[in-house]
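> Questions regarding the structure given below will be posed in turn.
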Amino acid sequence: MLGIAAATRFAQQAFADFTKVEYPLLSGGTDVTEVHKVMKAYGVLDEKRLIARRSYIIIDKEGVVRYLNKRPSNCEKDLLSTQELLNEVKKVNAGK
């Protein structure tokens, strides 16, 4: 699991510290061009605002996207619960 955002490393670290995230967070540093390319490749870049839409992507061991869920907003009410996401991971692992 990893997170990605077009944010500075400092902002990503502050976010990780605040939320107690224990998985890697990728950032664009001072040049977010590469991060934007990744976001665009997955179809989650909001090109007008140059930020990622909150999305959940599950990629299998072969590197194939098996689940992509773009949320309507970044608001808490639109986030998937941990259990919902774990259920999707189980489906991918079961080959469904």
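Labels for the structure tokens follow display order: chains A, B, ..., residues from 1 in each chain, ligands from 1.
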Do a neighbour search on Tyr67 (chain A) at 8 Å with only C-alpha atoms, toss out local chain neighbours closer than 6 positions, and write the hits as a list in words.
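After dropping sequence-adjacent residues, the list is Tyr56, Ile57, Ile58, Ile59, Glu88 and Val92 of chain A.
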> If we count only C-alpha atoms, what is near Ala6 (chain A) at a cut-off of 12 Å, once residues fewer than 2 positions away on the same chain are taken out, given as a ChimeraX atom specification?
/A:3-4,8-12,25-40,44-47,49-53
> Using backbone DSSP assignments, extract all strand (DSSP E or B) residues from region 6-87 of chain A; output them as an NGL selection string.
:A and (25-27 or 45-46 or 51-52 or 55-59 or 65-70)
> Those same residues, written as a PDB file, in the first residue's frame with N, CA and C atoms?

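File selection.pdb, as written:
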```pdb
ATOM      1  N   LEU A  25       4.443   7.163   1.404  1.00  0.00           N
ATOM      2  CA  LEU A  25       3.729   8.268   0.772  1.00  0.00           C
ATOM      3  C   LEU A  25       4.666   8.903  -0.245  1.00  0.00           C
ATOM      4  N   LEU A  26       4.280   8.871  -1.491  1.00  0.00           N
ATOM      5  CA  LEU A  26       5.074   9.483  -2.540  1.00  0.00           C
ATOM      6  C   LEU A  26       4.674  10.935  -2.689  1.00  0.00           C
ATOM      7  N   SER A  27       5.646  11.771  -2.973  1.00  0.00           N
ATOM      8  CA  SER A  27       5.347  13.182  -3.169  1.00  0.00           C
ATOM      9  C   SER A  27       6.130  13.698  -4.370  1.00  0.00           C
ATOM     10  N   LEU A  45      -6.057  12.446 -11.905  1.00  0.00           N
ATOM     11  CA  LEU A  45      -5.602  13.829 -11.814  1.00  0.00           C
ATOM     12  C   LEU A  45      -6.726  14.793 -12.164  1.00  0.00           C
ATOM     13  N   ASP A  46      -6.998  15.720 -11.259  1.00  0.00           N
ATOM     14  CA  ASP A  46      -7.901  16.833 -11.526  1.00  0.00           C
ATOM     15  C   ASP A  46      -7.028  17.890 -12.185  1.00  0.00           C
ATOM     16  N   ILE A  51      -4.510  18.427  -8.624  1.00  0.00           N
ATOM     17  CA  ILE A  51      -4.479  17.537  -7.460  1.00  0.00           C
ATOM     18  C   ILE A  51      -5.118  16.214  -7.868  1.00  0.00           C
ATOM     19  N   ALA A  52      -4.890  15.207  -7.085  1.00  0.00           N
ATOM     20  CA  ALA A  52      -5.510  13.910  -7.350  1.00  0.00           C
ATOM     21  C   ALA A  52      -6.899  13.876  -6.737  1.00  0.00           C
ATOM     22  N   SER A  55      -8.910   8.520  -4.555  1.00  0.00           N
ATOM     23  CA  SER A  55      -9.153   7.284  -5.282  1.00  0.00           C
ATOM     24  C   SER A  55      -8.510   6.121  -4.553  1.00  0.00           C
ATOM     25  N   TYR A  56      -9.064   4.962  -4.806  1.00  0.00           N
ATOM     26  CA  TYR A  56      -8.510   3.728  -4.261  1.00  0.00           C
ATOM     27  C   TYR A  56      -8.205   2.827  -5.450  1.00  0.00           C
ATOM     28  N   ILE A  57      -6.970   2.364  -5.521  1.00  0.00           N
ATOM     29  CA  ILE A  57      -6.540   1.526  -6.639  1.00  0.00           C
ATOM     30  C   ILE A  57      -5.875   0.287  -6.053  1.00  0.00           C
ATOM     31  N   ILE A  58      -6.326  -0.872  -6.522  1.00  0.00           N
ATOM     32  CA  ILE A  58      -5.698  -2.124  -6.102  1.00  0.00           C
ATOM     33  C   ILE A  58      -5.057  -2.741  -7.340  1.00  0.00           C
ATOM     34  N   ILE A  59      -3.767  -3.010  -7.226  1.00  0.00           N
ATOM     35  CA  ILE A  59      -2.984  -3.564  -8.322  1.00  0.00           C
ATOM     36  C   ILE A  59      -2.506  -4.944  -7.900  1.00  0.00           C
ATOM     37  N   VAL A  65      -4.170  -3.364 -12.812  1.00  0.00           N
ATOM     38  CA  VAL A  65      -5.159  -2.690 -11.971  1.00  0.00           C
ATOM     39  C   VAL A  65      -6.404  -3.577 -11.915  1.00  0.00           C
ATOM     40  N   ARG A  66      -6.767  -4.001 -10.715  1.00  0.00           N
ATOM     41  CA  ARG A  66      -7.924  -4.876 -10.520  1.00  0.00           C
ATOM     42  C   ARG A  66      -9.096  -4.152  -9.886  1.00  0.00           C
ATOM     43  N   TYR A  67      -8.836  -2.970  -9.339  1.00  0.00           N
ATOM     44  CA  TYR A  67      -9.898  -2.203  -8.684  1.00  0.00           C
ATOM     45  C   TYR A  67      -9.522  -0.734  -8.744  1.00  0.00           C
ATOM     46  N   LEU A  68     -10.467   0.091  -9.177  1.00  0.00           N
ATOM     47  CA  LEU A  68     -10.263   1.527  -9.209  1.00  0.00           C
ATOM     48  C   LEU A  68     -11.566   2.179  -8.792  1.00  0.00           C
ATOM     49  N   ASN A  69     -11.512   2.941  -7.728  1.00  0.00           N
ATOM     50  CA  ASN A  69     -12.701   3.604  -7.201  1.00  0.00           C
ATOM     51  C   ASN A  69     -12.360   5.064  -6.989  1.00  0.00           C
ATOM     52  N   LYS A  70     -12.917   5.927  -7.850  1.00  0.00           N
ATOM     53  CA  LYS A  70     -12.700   7.375  -7.728  1.00  0.00           C
ATOM     54  C   LYS A  70     -13.852   7.941  -6.911  1.00  0.00           C
TER      55      LYS A  70
END
```
> Using Å and a single decimal, report how far CA of Lys77 (chain A) sits from CA of Tyr23 (chain A).
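Separation of CA of Tyr23 (chain A) and CA of Lys77 (chain A): 22.5 Å.
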> Mind giving me the straight-line distance from CA of Lys91 (chain A) to CA of Asp60 (chain A) in Å, one decimal?
11.1 Å
> From the options A:Phe15, A:Tyr42, A:Ala7, A:Arg54, which residue's atoms come nearest to Arg71 (chain A), counting only C-alpha atoms?
A:Arg54
> Taking the backbone alone, and naming residues the way the document does, which bits of chain A are alpha helix (DSSP H) by DSSP, as an MDAnalysis selection string?
chainID A and resid 9:19 33:41 82:93
> Do you have the CA of Thr19 (chain A)-CA of Glu76 (chain A) distance handy?
13.3 Å
